[in-house]
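Quick look at start_7.txt (compact mmCIF, C-alpha atoms):
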# COMPACT_ATOMS: atom_id res chain seq x y z
CA MET A 1 0.00 0.00 0.00
CA SER A 2 1.12 3.56 -0.67
CA ILE A 3 2.31 5.74 2.18
CA ARG A 4 -0.09 8.66 2.57
CA VAL A 5 1.86 11.92 2.90
CA ILE A 6 0.80 15.49 3.64
CA GLN A 7 3.10 18.22 2.38
CA TRP A 8 3.18 21.23 4.73
CA ALA A 9 4.42 24.42 2.99
CA THR A 10 5.69 24.86 -0.55
CA GLY A 11 8.70 27.13 -0.42
CA ALA A 12 11.92 26.14 -2.18
CA ILE A 13 12.42 23.00 -0.09
CA GLY A 14 8.72 22.19 0.11
CA LYS A 15 8.30 22.23 -3.65
CA THR A 16 11.29 19.90 -3.96
CA THR A 17 9.87 17.38 -1.48
CA LEU A 18 6.39 17.77 -3.01
CA ARG A 19 7.73 16.82 -6.44
CA ALA A 20 9.56 13.86 -4.89
CA VAL A 21 6.30 12.65 -3.32
CA LEU A 22 4.38 13.03 -6.58
CA ASP A 23 7.13 11.26 -8.54
CA SER A 24 7.37 8.30 -6.14
CA PRO A 25 5.29 5.14 -6.75
CA GLU A 26 5.48 4.35 -3.02
CA LEU A 27 4.11 7.69 -1.82
CA GLN A 28 0.62 9.14 -2.20
CA LEU A 29 -0.10 12.82 -1.62
CA ALA A 30 -3.00 13.07 0.84
CA GLY A 31 -3.04 16.81 1.55
CA LEU A 32 -1.24 20.08 0.99
CA PHE A 33 -0.96 23.01 3.41
CA VAL A 34 0.19 26.43 2.19
CA TYR A 35 0.65 29.76 3.95
CA GLY A 36 -0.25 32.22 1.20
CA ASP A 37 -3.54 33.13 -0.47
CA ARG A 38 -1.84 32.98 -3.87
CA LYS A 39 -1.38 29.21 -3.59
CA ALA A 40 -4.53 28.30 -1.68
CA GLY A 41 -7.15 26.62 -3.90
CA ARG A 42 -4.62 25.48 -6.50
CA ASP A 43 -3.99 21.86 -7.44
CA ALA A 44 -0.78 20.45 -5.96
CA GLY A 45 0.38 19.45 -9.42
CA ASP A 46 0.08 23.02 -10.61
CA ILE A 47 2.23 24.26 -7.72
CA ALA A 48 4.81 21.53 -8.28
CA ARG A 49 4.86 21.85 -12.09
CA ARG A 50 3.42 18.35 -12.40
CA PRO A 51 0.15 16.94 -13.86
CA PRO A 52 -3.07 17.56 -11.87
CA THR A 53 -3.39 15.47 -8.71
CA GLY A 54 -6.85 16.31 -7.38
CA VAL A 55 -5.26 17.42 -4.12
CA ILE A 56 -6.10 21.08 -3.52
CA ALA A 57 -3.88 23.34 -1.42
CA THR A 58 -5.44 24.72 1.74
CA ARG A 59 -4.62 27.20 4.48
CA ASP A 60 -7.05 25.49 6.86
CA ARG A 61 -5.08 23.79 9.65
CA GLU A 62 -8.15 21.93 10.92
CA GLU A 63 -8.69 20.43 7.47
CA ILE A 64 -5.13 19.13 7.48
CA LEU A 65 -5.43 17.78 11.01
CA ALA A 66 -8.57 15.87 9.98
CA THR A 67 -6.94 14.38 6.87
CA GLN A 68 -5.90 10.76 7.21
CA ALA A 69 -2.19 10.39 6.53
CA ASP A 70 0.80 8.42 7.71
CA LEU A 71 3.25 11.28 7.69
CA VAL A 72 3.60 15.04 7.30
CA ILE A 73 6.61 16.52 5.52
CA HIS A 74 6.90 19.81 7.39
CA THR A 75 9.03 22.36 5.48
CA PRO A 76 8.14 25.90 6.55
CA ARG A 77 11.00 28.35 6.67
CA LEU A 78 12.83 28.98 9.90
CA GLN A 79 11.46 31.98 11.76
CA VAL A 80 12.14 34.21 14.74
CA PRO A 81 11.56 33.04 17.41
CA TYR A 82 12.78 29.45 17.07
CA GLU A 83 9.63 28.18 18.78
CA THR A 84 7.30 29.59 16.09
CA HIS A 85 6.31 26.16 14.74
CA ASP A 86 5.95 24.33 18.07
CA ALA A 87 2.14 24.47 18.22
CA ASP A 88 1.69 23.16 14.68
CA LEU A 89 4.16 20.33 15.23
CA CYS A 90 2.50 19.21 18.45
CA ALA A 91 -0.97 19.38 16.91
CA LEU A 92 0.12 17.26 13.94
CA LEU A 93 1.74 14.69 16.20
CA ARG A 94 -1.32 14.50 18.47
CA SER A 95 -3.54 14.00 15.43
CA GLY A 96 -1.85 10.67 14.72
CA LYS A 97 0.58 11.81 12.01
CA ASN A 98 4.31 11.21 12.08
CA VAL A 99 6.28 14.34 11.21
CA ILE A 100 9.58 14.96 9.46
CA THR A 101 10.51 18.63 9.70
CA THR A 102 13.27 20.73 8.15
CA ALA A 103 12.55 23.69 10.47
CA GLY A 104 14.89 22.69 13.28
CA HIS A 105 13.84 20.34 16.11
CA HIS A 106 16.70 17.96 15.37
CA PHE A 107 17.57 17.36 19.02
CA PRO A 108 15.06 18.94 21.41
CA ARG A 109 16.91 17.54 24.42
CA ALA A 110 19.58 20.18 23.75
CA HIS A 111 17.19 22.75 25.22
CA GLY A 112 16.34 20.88 28.39
CA GLY A 113 13.96 18.24 29.61
CA GLU A 114 10.85 20.43 29.58
CA ARG A 115 11.10 21.17 25.86
CA GLU A 116 11.86 17.55 25.02
CA GLN A 117 8.94 16.37 27.14
CA MET A 118 6.51 18.67 25.30
CA PHE A 119 7.19 16.81 22.06
CA LEU A 120 7.34 13.41 23.75
CA ASP A 121 3.90 14.00 25.24
CA ALA A 122 2.48 14.91 21.82
CA CYS A 123 4.07 11.81 20.29
CA ARG A 124 2.74 9.59 23.04
CA GLU A 125 -0.77 10.97 22.67
CA GLY A 126 -0.80 10.43 18.91
CA GLY A 127 1.33 7.28 18.79
CA THR A 128 3.66 9.15 16.45
CA THR A 129 7.30 10.05 15.80
CA LEU A 130 9.01 13.41 15.26
CA TYR A 131 12.22 13.71 13.24
CA GLY A 132 14.03 16.95 12.44
CA VAL A 133 16.48 16.68 9.57
CA GLY A 134 18.18 18.63 6.82
CA ILE A 135 21.75 18.64 5.58
CA SER A 136 23.09 20.94 8.31
CA PRO A 137 21.85 20.47 10.97
CA GLY A 138 20.96 16.84 10.36
CA VAL A 139 23.59 15.06 8.31
CA ILE A 140 26.98 16.79 8.21
CA GLY A 141 27.75 16.78 11.93
CA GLU A 142 25.32 14.20 13.22
CA ARG A 143 26.08 11.47 10.70
CA ILE A 144 29.12 12.17 8.53
CA VAL A 145 31.47 13.85 11.02
CA LEU A 146 30.59 11.56 13.93
CA ALA A 147 31.30 8.57 11.71
CA LEU A 148 34.63 10.12 10.71
CA THR A 149 35.72 10.47 14.35
CA GLY A 150 35.38 6.72 14.71
CA VAL A 151 38.72 6.12 12.97
CA CYS A 152 40.63 8.07 15.64
CA LEU A 153 42.55 6.54 18.52
CA GLU A 154 43.05 10.00 20.02
CA LEU A 155 40.99 13.13 19.43
CA GLU A 156 41.74 16.72 20.39
CA HIS A 157 39.43 18.87 18.28
CA VAL A 158 36.82 18.69 15.52
CA GLY A 159 35.99 21.73 13.40
CA ILE A 160 33.13 21.98 10.90
CA ASP A 161 33.25 24.93 8.52
CA GLU A 162 30.29 25.61 6.19
CA VAL A 163 30.50 28.29 3.49
CA LEU A 164 27.44 28.59 1.25
CA ASP A 165 26.46 31.10 -1.41
CA ALA A 166 23.03 32.38 -0.33
CA SER A 167 22.63 34.91 -3.13
CA ARG A 168 20.00 32.82 -4.94
CA VAL A 169 17.59 32.68 -1.98
CA PRO A 170 14.46 34.38 -3.38
CA ASP A 171 12.42 35.18 -0.25
CA PRO A 172 12.99 38.83 0.81
CA ASP A 173 11.61 38.29 4.31
CA PHE A 174 13.94 35.37 4.91
CA VAL A 175 17.01 37.10 3.46
CA PHE A 176 16.58 40.46 5.14
CA ASN A 177 14.84 39.55 8.40
CA VAL A 178 15.82 35.97 9.23
CA MET A 179 19.32 35.97 7.73
CA GLY A 180 20.03 39.61 8.58
CA MET A 181 21.39 40.50 5.15
CA GLY A 182 21.31 44.14 4.12
CA SER A 183 21.31 45.25 7.76
CA ASP A 184 23.01 48.36 9.03
CA PRO A 185 26.13 46.95 10.75
CA ALA A 186 25.68 49.42 13.60
CA ARG A 187 22.25 47.97 14.34
CA ILE A 188 22.80 44.20 14.04
CA ASP A 189 23.44 42.65 17.44
CA LEU A 190 25.75 39.62 17.31
CA THR A 191 25.81 39.12 21.06
CA ALA A 192 22.29 39.15 22.46
CA GLY A 193 19.96 39.88 19.56
CA GLU A 194 17.17 37.74 18.17
CA LEU A 195 19.28 36.35 15.30
CA PRO A 196 22.11 34.91 17.44
CA ALA A 197 19.46 33.49 19.77
CA LEU A 198 17.69 31.83 16.83
CA TYR A 199 20.82 30.32 15.33
CA GLN A 200 22.30 29.20 18.63
CA LYS A 201 19.10 27.30 19.39
CA LEU A 202 19.23 25.68 15.96
CA TYR A 203 22.91 24.80 15.72
CA SER A 204 23.50 23.98 19.36
CA GLU A 205 21.44 20.89 18.62
CA THR A 206 24.20 19.62 16.32
CA LEU A 207 26.98 20.31 18.81
CA LEU A 208 25.14 18.86 21.80
CA PHE A 209 24.01 15.78 19.85
CA MET A 210 27.64 15.16 18.87
CA ALA A 211 28.83 15.72 22.44
CA GLU A 212 26.27 13.28 23.85
CA ARG A 213 27.21 10.57 21.38
CA MET A 214 30.93 11.10 22.11
CA GLY A 215 30.52 11.05 25.88
CA LEU A 216 31.87 14.60 26.01
CA PRO A 217 31.09 16.70 29.13
CA VAL A 218 29.85 20.18 28.21
CA ASP A 219 30.94 23.29 30.10
CA ARG A 220 29.36 25.85 27.75
CA LEU A 221 29.05 27.07 24.17
CA GLU A 222 31.20 30.07 23.28
CA PRO A 223 29.83 32.26 20.45
CA ASP A 224 32.39 33.70 18.02
CA HIS A 225 30.36 35.54 15.36
CA HIS A 226 31.42 37.87 12.56
CA ILE A 227 29.84 39.89 9.72
CA GLU A 228 31.24 41.06 6.37
CA LEU A 229 29.97 44.15 4.60
CA ALA A 230 29.09 44.58 0.95
CA THR A 231 31.89 46.23 -1.03
CA ARG A 232 29.40 47.17 -3.77
CA ASP A 233 25.65 47.26 -4.33
CA LEU A 234 24.37 43.71 -4.78
CA GLN A 235 21.20 43.09 -6.76
CA VAL A 236 20.06 39.58 -5.78
CA PRO A 237 16.71 37.82 -6.36
CA ALA A 238 15.50 38.87 -2.89
CA GLY A 239 16.25 42.55 -3.50
CA LEU A 240 19.02 45.13 -3.13
CA ILE A 241 21.84 44.79 -0.62
CA GLU A 242 23.47 48.19 -0.47
CA LYS A 243 27.17 48.79 -0.26
CA GLY A 244 28.28 49.02 3.38
CA THR A 245 25.47 46.83 4.73
CA VAL A 246 25.74 43.22 5.86
CA ALA A 247 26.58 40.91 2.95
CA ALA A 248 27.74 37.84 4.88
CA THR A 249 27.23 36.38 8.32
CA GLU A 250 29.46 33.96 10.18
CA TRP A 251 27.68 32.17 13.00
CA ARG A 252 30.31 30.26 14.97
CA TRP A 253 30.26 28.39 18.27
CA HIS A 254 32.89 26.48 20.20
CA LEU A 255 31.85 23.72 22.58
CA VAL A 256 34.07 23.95 25.66
CA SER A 257 34.64 20.77 27.63
CA GLU A 258 36.69 20.69 30.83
CA GLY A 259 38.16 24.07 30.01
CA ARG A 260 39.12 23.59 26.35
CA ARG A 261 37.47 23.93 22.97
CA VAL A 262 36.79 20.46 21.57
CA LEU A 263 34.07 21.00 18.93
CA SER A 264 33.69 24.06 16.67
CA LEU A 265 30.91 24.77 14.21
CA SER A 266 31.07 27.67 11.75
CA ILE A 267 28.09 28.53 9.53
CA VAL A 268 28.92 31.11 6.86
CA TRP A 269 26.32 32.49 4.46
CA THR A 270 27.36 35.03 1.89
CA MET A 271 25.39 37.05 -0.63
CA ASP A 272 28.63 37.82 -2.49
CA PRO A 273 30.77 34.71 -3.09
CA GLU A 274 33.44 36.95 -4.63
CA LEU A 275 34.29 38.51 -1.28
CA PRO A 276 37.99 37.66 -0.71
CA ARG A 277 37.24 36.05 2.64
CA TYR A 278 35.09 33.36 0.95
CA ALA A 279 36.20 33.10 -2.68
CA GLY A 280 37.30 29.59 -3.60
CA ARG A 281 36.46 27.99 -0.27
CA ASP A 282 34.84 24.56 -0.13
CA HIS A 283 31.21 24.28 0.87
CA TRP A 284 32.10 22.15 3.88
CA THR A 285 35.50 21.56 5.42
CA VAL A 286 35.93 19.22 8.36
CA THR A 287 39.21 19.32 10.27
CA VAL A 288 40.04 16.63 12.81
CA THR A 289 43.00 17.11 15.12
CA GLY A 290 44.07 13.83 16.65
CA LYS A 291 45.60 10.49 15.74
CA PRO A 292 45.16 10.47 12.87
CA GLY A 293 44.53 14.09 11.93
CA MET A 294 42.28 14.51 8.92
CA THR A 295 40.74 17.08 6.62
CA MET A 296 37.61 16.29 4.62
CA THR A 297 35.88 18.55 2.09
CA LEU A 298 32.44 18.35 0.53
CA ASN A 299 31.19 20.43 -2.37
CA LEU A 300 27.81 20.68 -4.07
CA ILE A 301 27.53 20.37 -7.84
CA GLU A 302 24.65 22.28 -9.37
CA PRO A 303 22.37 20.05 -11.47
CA ASP A 304 22.60 20.21 -15.23
CA GLU A 305 18.85 20.29 -15.88
CA PRO A 306 17.72 22.72 -18.57
CA GLY A 307 14.63 24.60 -17.44
CA SER A 308 14.86 23.44 -13.82
CA ARG A 309 15.05 26.01 -11.03
CA THR A 310 15.90 23.49 -8.32
CA THR A 311 19.34 24.00 -6.82
CA ALA A 312 21.79 21.50 -5.37
CA GLY A 313 21.12 23.03 -1.96
CA GLN A 314 17.42 22.25 -2.28
CA TYR A 315 18.09 18.68 -3.37
CA ILE A 316 20.55 18.03 -0.55
CA THR A 317 18.04 19.27 2.01
CA ALA A 318 15.08 17.39 0.56
CA GLY A 319 16.94 14.13 0.02
CA PRO A 320 17.41 13.23 3.71
CA VAL A 321 13.70 13.89 4.29
CA ILE A 322 12.51 11.46 1.62
CA ARG A 323 15.10 8.81 2.51
CA ALA A 324 14.07 8.94 6.18
CA ILE A 325 10.37 8.18 5.62
CA PRO A 326 10.56 4.37 6.04
CA GLU A 327 12.82 4.68 9.10
CA VAL A 328 10.52 7.17 10.80
CA LEU A 329 7.40 5.12 10.09
CA ALA A 330 9.09 2.02 11.53
CA ALA A 331 10.31 3.82 14.66
CA PRO A 332 8.46 3.64 18.00
CA PRO A 333 6.57 6.74 19.14
CA GLY A 334 8.87 9.51 20.29
CA ILE A 335 11.66 11.68 18.96
CA PHE A 336 13.68 9.89 16.30
CA GLU A 337 17.45 10.26 16.62
CA PRO A 338 19.69 8.94 13.84
CA PRO A 339 21.81 5.94 14.85
CA VAL A 340 25.55 6.54 15.05
CA PHE A 341 27.97 3.64 14.71
CA ALA A 342 31.10 3.66 16.87
CA PRO A 343 32.11 7.33 17.03
CA PHE A 344 35.13 8.37 19.05
CA THR A 345 34.21 8.41 22.72
CA PHE A 346 35.97 10.34 25.45
CA GLY A 347 36.85 8.32 28.48
CA GLY A 348 37.49 5.16 26.47
CA ALA A 349 35.27 2.63 24.74
CA ARG A 350 31.64 2.61 25.84
Could you render the structure as structure tokens?
Amino acid sequence: MSIRVIQWATGAIGKTTLRAVLDSPELQLAGLFVYGDRKAGRDAGDIARRPPTGVIATRDREEILATQADLVIHTPRLQVPYETHDADLCALLRSGKNVITTAGHHFPRAHGGEREQMFLDACREGGTTLYGVGISPGVIGERIVLALTGVCLELEHVGIDEVLDASRVPDPDFVFNVMGMGSDPARIDLTAGELPALYQKLYSETLLFMAERMGLPVDRLEPDHHIELATRDLQVPAGLIEKGTVAATEWRWHLVSEGRRVLSLSIVWTMDPELPRYAGRDHWTVTVTGKPGMTMTLNLIEPDEPGSRTTAGQYITAGPVIRAIPEVLAAPPGIFEPPVFAPFTFGGAR
């Protein structure tokens, strides 16, 4: 029997997962939730550039909650505050639908037992499973880097460095308000503002998941952020980024354990890949200091698909969602955490 799937939101990632659902013989689209009036009332196939499906997009949450489905692919954009989507996620889980989300929620335990319990209670009530995944957070640190540490006999430090060209992101609200691009540098707060709070909540989940799996005691997370300014006016799909305003953000944290930095995560988004600080850098660079020491790089290759507007970044975020569906459906009720085989563990073998 086909797996009945609801697609929640149809932004860049949502359209990519929606097309994957429609193209799969194992998946059946059961419902489609959208946020905007422009998409409401349209056939899902029309939104996805596919043949008509008979599934009509709706903005009615109650209609979606009443729709019978095995799983919801939840792909709204990240918003300030981080907790924006909590109520929707809990309602979906309580309604008996498993949820895979790309809007954070990769490791709720990172934020304390009360937050984790909120989702566990919803899962228990609905007999459902929650899984947060994307490429980063979700795969780079939690799966690839942890696996890489497993070849070490001794480990001193792991650094993950992400540098991605964000200039093709089309949503003005996301670019200017959620990413902070085009901001007056005198007015963007890198220490206690809403953006560092948002991103620390999101990316601390990667660092704390890694630390838990490695048996690493955590003293604190040390922020180490930086911005780069536009050296010229930048006309990007989302709008104009004026010279002298923020053109790149570096969100960076160091996990301190027993007085020393052991894990470092750097997330760099730039609207101008020609800035000297970023030109020619790999998309991801992982540096392991230990025995052995290692450097690993990963780069995206844009698809050669005439007429397609889907980017490699959209594919690499949507792919882990679709691949995870059977695992999530087979999991017991609760918060799904990806299995990790034999990472390096501090304090010896465990």
- Query: For A:His283, which of A:Gly259, A:Gly126, A:Gly313, A:Pro326 is the closest residue, counting only C-alpha atoms?
  - Reply: A:Gly313
Env of A:Asp224: 10 Å cut, atoms = all atoms listed in the file, seq-sep filter 6 positions within chain, self excluded. Answer as a PDB file with C-alpha atoms, in the frame of the given file.
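Everything below was put into part20.pdb:
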ATOM      1  CA  LEU A 190      25.750  39.620  17.310  1.00  0.00           C
ATOM      2  CA  THR A 191      25.810  39.120  21.060  1.00  0.00           C
ATOM      3  CA  GLU A 250      29.460  33.960  10.180  1.00  0.00           C
ATOM      4  CA  TRP A 251      27.680  32.170  13.000  1.00  0.00           C
ATOM      5  CA  ARG A 252      30.310  30.260  14.970  1.00  0.00           C
ATOM      6  CA  TRP A 253      30.260  28.390  18.270  1.00  0.00           C
ATOM      7  CA  HIS A 254      32.890  26.480  20.200  1.00  0.00           C
ATOM      8  CA  SER A 264      33.690  24.060  16.670  1.00  0.00           C
ATOM      9  CA  LEU A 265      30.910  24.770  14.210  1.00  0.00           C
ATOM     10  CA  SER A 266      31.070  27.670  11.750  1.00  0.00           C
TER      11      SER A 266
END
- Near stretch 276-281 of chain A, within 10 Å and counting all atoms listed in the file, which residues show up once chain neighbours fewer than 6 positions away are dropped, as a PyMOL selection string? chain A and resi 161-165+228+248+268-270+297+299
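Nearest-residue note for A:Met214: choosing from A:Asp23, A:Glu142, A:Glu302, A:Glu63, the minimum distance belongs to A:Glu142, counting all atoms listed in the file.
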When you look at A:Pro137 with a cut-off of 8 Å (counting all atoms listed in the file), what residues show up, excluding the ones that are within fewer than 2 positions of it in the same chain? I need them as a JSON list (two decimals) with C-alpha atoms, in the coordinates of the input.
[["chain", "number", "residue", "atom", "x", "y", "z"],
["A", 104, "GLY", "CA", 14.89, 22.69, 13.28],
["A", 106, "HIS", "CA", 16.70, 17.96, 15.37],
["A", 133, "VAL", "CA", 16.48, 16.68, 9.57],
["A", 134, "GLY", "CA", 18.18, 18.63, 6.82],
["A", 135, "ILE", "CA", 21.75, 18.64, 5.58],
["A", 139, "VAL", "CA", 23.59, 15.06, 8.31],
["A", 140, "ILE", "CA", 26.98, 16.79, 8.21],
["A", 141, "GLY", "CA", 27.75, 16.78, 11.93],
["A", 142, "GLU", "CA", 25.32, 14.20, 13.22],
["A", 202, "LEU", "CA", 19.23, 25.68, 15.96],
["A", 203, "TYR", "CA", 22.91, 24.80, 15.72],
["A", 205, "GLU", "CA", 21.44, 20.89, 18.62],
["A", 206, "THR", "CA", 24.20, 19.62, 16.32]]
- Go ahead and compute the interatomic distance for atom CA of A:Gly180 and atom CA of A:Thr249, in Å to one decimal. 7.9 Å
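Applying the 10 Å criterion to (-0.1, 5.8, 2.9) in file coordinates and using only C-alpha atoms, one obtains the residues Met1, Ser2, Ile3, Arg4, Val5, Ile6, Glu26, Leu27, Gln28, Leu29, Ala30, Gln68, Ala69, Asp70 and Leu71 of chain A.
Proximity to stretch 122-124 of chain A at 12 Å, evaluated using only C-alpha atoms and with sequence-adjacent residues fewer than 6 positions away removed, yields Asp86, Ala87, Asp88, Leu89, Cys90, Ala91, Leu92, Leu93, Arg94, Ser95, Gly96, Lys97, Asn98, Val99, Arg115, Glu116, Leu130, Tyr131, Ala331, Pro332, Pro333, Gly334, Ile335 and Phe336 of chain A.
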- Query: From the set A:Gly112, A:Gly132, A:Pro52, A:Gly31, which residue has the shortest atom-to-atom contact distance to A:Val321, counting all atoms listed in the file?
  - Reply: A:Gly132
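Our summary of the geometry notes that atom CA of A:His111 is positioned 20.8 Å from atom CA of A:Leu146.
The closest residue to A:Gly14, picked from A:Gly319, A:Gly45, A:Pro76, A:Pro306 and counting all atoms listed in the file, is A:Pro76.
For the choices A:Ile64, A:Val72, A:Gly159, A:Thr149, the atom-to-atom distance to A:Ile267 is smallest for A:Gly159 when using all atoms listed in the file.
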- Measuring atom to atom with all atoms listed in the file, identify which of A:Val328, A:Ala247, A:Leu263, A:Val34 is nearest to A:Ala230. A:Ala247
- Query: Using only C-alpha atoms, which residues sit within 12 Å of A:Thr10 once same-chain residues fewer than 5 positions away are excluded, as a ChimeraX atom specification?
  - Reply: /A:15-19,32-36,38-40,42,44-49,57-59,73-77
Could you add whatever atoms are missing so that stretch 194-202 of chain A carries all heavy atoms, then write the result as a PDB file, in the frame of the given file?
ATOM      1  N   GLU A 194      18.065  38.852  18.490  1.00  0.00           N
ATOM      2  CA  GLU A 194      17.170  37.740  18.170  1.00  0.00           C
ATOM      3  C   GLU A 194      17.800  36.773  17.168  1.00  0.00           C
ATOM      4  O   GLU A 194      17.506  35.575  17.195  1.00  0.00           O
ATOM      5  CB  GLU A 194      15.841  38.266  17.629  1.00  0.00           C
ATOM      6  CG  GLU A 194      15.939  39.108  16.377  1.00  0.00           C
ATOM      7  CD  GLU A 194      14.597  39.663  15.938  1.00  0.00           C
ATOM      8  OE1 GLU A 194      13.629  39.628  16.739  1.00  0.00           O
ATOM      9  OE2 GLU A 194      14.515  40.134  14.797  1.00  0.00           O
ATOM     10  N   LEU A 195      18.670  37.261  16.260  1.00  0.00           N
ATOM     11  CA  LEU A 195      19.280  36.350  15.300  1.00  0.00           C
ATOM     12  C   LEU A 195      20.286  35.402  15.946  1.00  0.00           C
ATOM     13  O   LEU A 195      20.222  34.193  15.708  1.00  0.00           O
ATOM     14  CB  LEU A 195      19.917  37.129  14.148  1.00  0.00           C
ATOM     15  CG  LEU A 195      18.938  37.852  13.224  1.00  0.00           C
ATOM     16  CD1 LEU A 195      19.679  38.484  12.044  1.00  0.00           C
ATOM     17  CD2 LEU A 195      17.857  36.914  12.712  1.00  0.00           C
ATOM     18  N   PRO A 196      21.229  35.883  16.776  1.00  0.00           N
ATOM     19  CA  PRO A 196      22.110  34.910  17.440  1.00  0.00           C
ATOM     20  C   PRO A 196      21.358  33.939  18.339  1.00  0.00           C
ATOM     21  O   PRO A 196      21.745  32.775  18.463  1.00  0.00           O
ATOM     22  CB  PRO A 196      23.095  35.772  18.223  1.00  0.00           C
ATOM     23  CG  PRO A 196      22.540  37.139  18.239  1.00  0.00           C
ATOM     24  CD  PRO A 196      21.666  37.262  17.040  1.00  0.00           C
ATOM     25  N   ALA A 197      20.262  34.404  18.948  1.00  0.00           N
ATOM     26  CA  ALA A 197      19.460  33.490  19.770  1.00  0.00           C
ATOM     27  C   ALA A 197      18.833  32.402  18.910  1.00  0.00           C
ATOM     28  O   ALA A 197      18.827  31.217  19.272  1.00  0.00           O
ATOM     29  CB  ALA A 197      18.377  34.276  20.506  1.00  0.00           C
ATOM     30  N   LEU A 198      18.299  32.795  17.741  1.00  0.00           N
ATOM     31  CA  LEU A 198      17.690  31.830  16.830  1.00  0.00           C
ATOM     32  C   LEU A 198      18.704  30.790  16.391  1.00  0.00           C
ATOM     33  O   LEU A 198      18.457  29.575  16.479  1.00  0.00           O
ATOM     34  CB  LEU A 198      17.142  32.566  15.605  1.00  0.00           C
ATOM     35  CG  LEU A 198      16.665  31.682  14.444  1.00  0.00           C
ATOM     36  CD1 LEU A 198      15.402  30.932  14.826  1.00  0.00           C
ATOM     37  CD2 LEU A 198      16.434  32.528  13.191  1.00  0.00           C
ATOM     38  N   TYR A 199      19.869  31.252  15.918  1.00  0.00           N
ATOM     39  CA  TYR A 199      20.820  30.320  15.330  1.00  0.00           C
ATOM     40  C   TYR A 199      21.540  29.482  16.394  1.00  0.00           C
ATOM     41  O   TYR A 199      21.895  28.334  16.136  1.00  0.00           O
ATOM     42  CB  TYR A 199      21.793  31.057  14.422  1.00  0.00           C
ATOM     43  CG  TYR A 199      21.075  31.553  13.181  1.00  0.00           C
ATOM     44  CD1 TYR A 199      20.994  32.910  12.887  1.00  0.00           C
ATOM     45  CD2 TYR A 199      20.416  30.660  12.344  1.00  0.00           C
ATOM     46  CE1 TYR A 199      20.292  33.357  11.771  1.00  0.00           C
ATOM     47  CE2 TYR A 199      19.713  31.093  11.240  1.00  0.00           C
ATOM     48  CZ  TYR A 199      19.657  32.436  10.955  1.00  0.00           C
ATOM     49  OH  TYR A 199      18.949  32.860   9.865  1.00  0.00           O
ATOM     50  N   GLN A 200      21.715  30.031  17.594  1.00  0.00           N
ATOM     51  CA  GLN A 200      22.300  29.200  18.630  1.00  0.00           C
ATOM     52  C   GLN A 200      21.340  28.072  19.012  1.00  0.00           C
ATOM     53  O   GLN A 200      21.773  26.937  19.247  1.00  0.00           O
ATOM     54  CB  GLN A 200      22.683  30.005  19.864  1.00  0.00           C
ATOM     55  CG  GLN A 200      23.228  29.117  20.985  1.00  0.00           C
ATOM     56  CD  GLN A 200      24.185  29.820  21.903  1.00  0.00           C
ATOM     57  OE1 GLN A 200      24.957  30.673  21.487  1.00  0.00           O
ATOM     58  NE2 GLN A 200      24.151  29.467  23.172  1.00  0.00           N
ATOM     59  N   LYS A 201      20.049  28.370  19.070  1.00  0.00           N
ATOM     60  CA  LYS A 201      19.100  27.300  19.390  1.00  0.00           C
ATOM     61  C   LYS A 201      19.105  26.225  18.307  1.00  0.00           C
ATOM     62  O   LYS A 201      19.018  25.031  18.602  1.00  0.00           O
ATOM     63  CB  LYS A 201      17.696  27.885  19.559  1.00  0.00           C
ATOM     64  CG  LYS A 201      17.518  28.643  20.865  1.00  0.00           C
ATOM     65  CD  LYS A 201      16.109  29.179  21.033  1.00  0.00           C
ATOM     66  CE  LYS A 201      15.960  29.885  22.368  1.00  0.00           C
ATOM     67  NZ  LYS A 201      14.609  30.448  22.576  1.00  0.00           N
ATOM     68  N   LEU A 202      19.219  26.641  17.058  1.00  0.00           N
ATOM     69  CA  LEU A 202      19.230  25.680  15.960  1.00  0.00           C
ATOM     70  C   LEU A 202      20.506  24.848  15.945  1.00  0.00           C
ATOM     71  O   LEU A 202      20.465  23.612  15.963  1.00  0.00           O
ATOM     72  CB  LEU A 202      19.071  26.422  14.627  1.00  0.00           C
ATOM     73  CG  LEU A 202      19.160  25.576  13.352  1.00  0.00           C
ATOM     74  CD1 LEU A 202      18.021  24.571  13.287  1.00  0.00           C
ATOM     75  CD2 LEU A 202      19.153  26.481  12.118  1.00  0.00           C
TER      76      LEU A 202
END
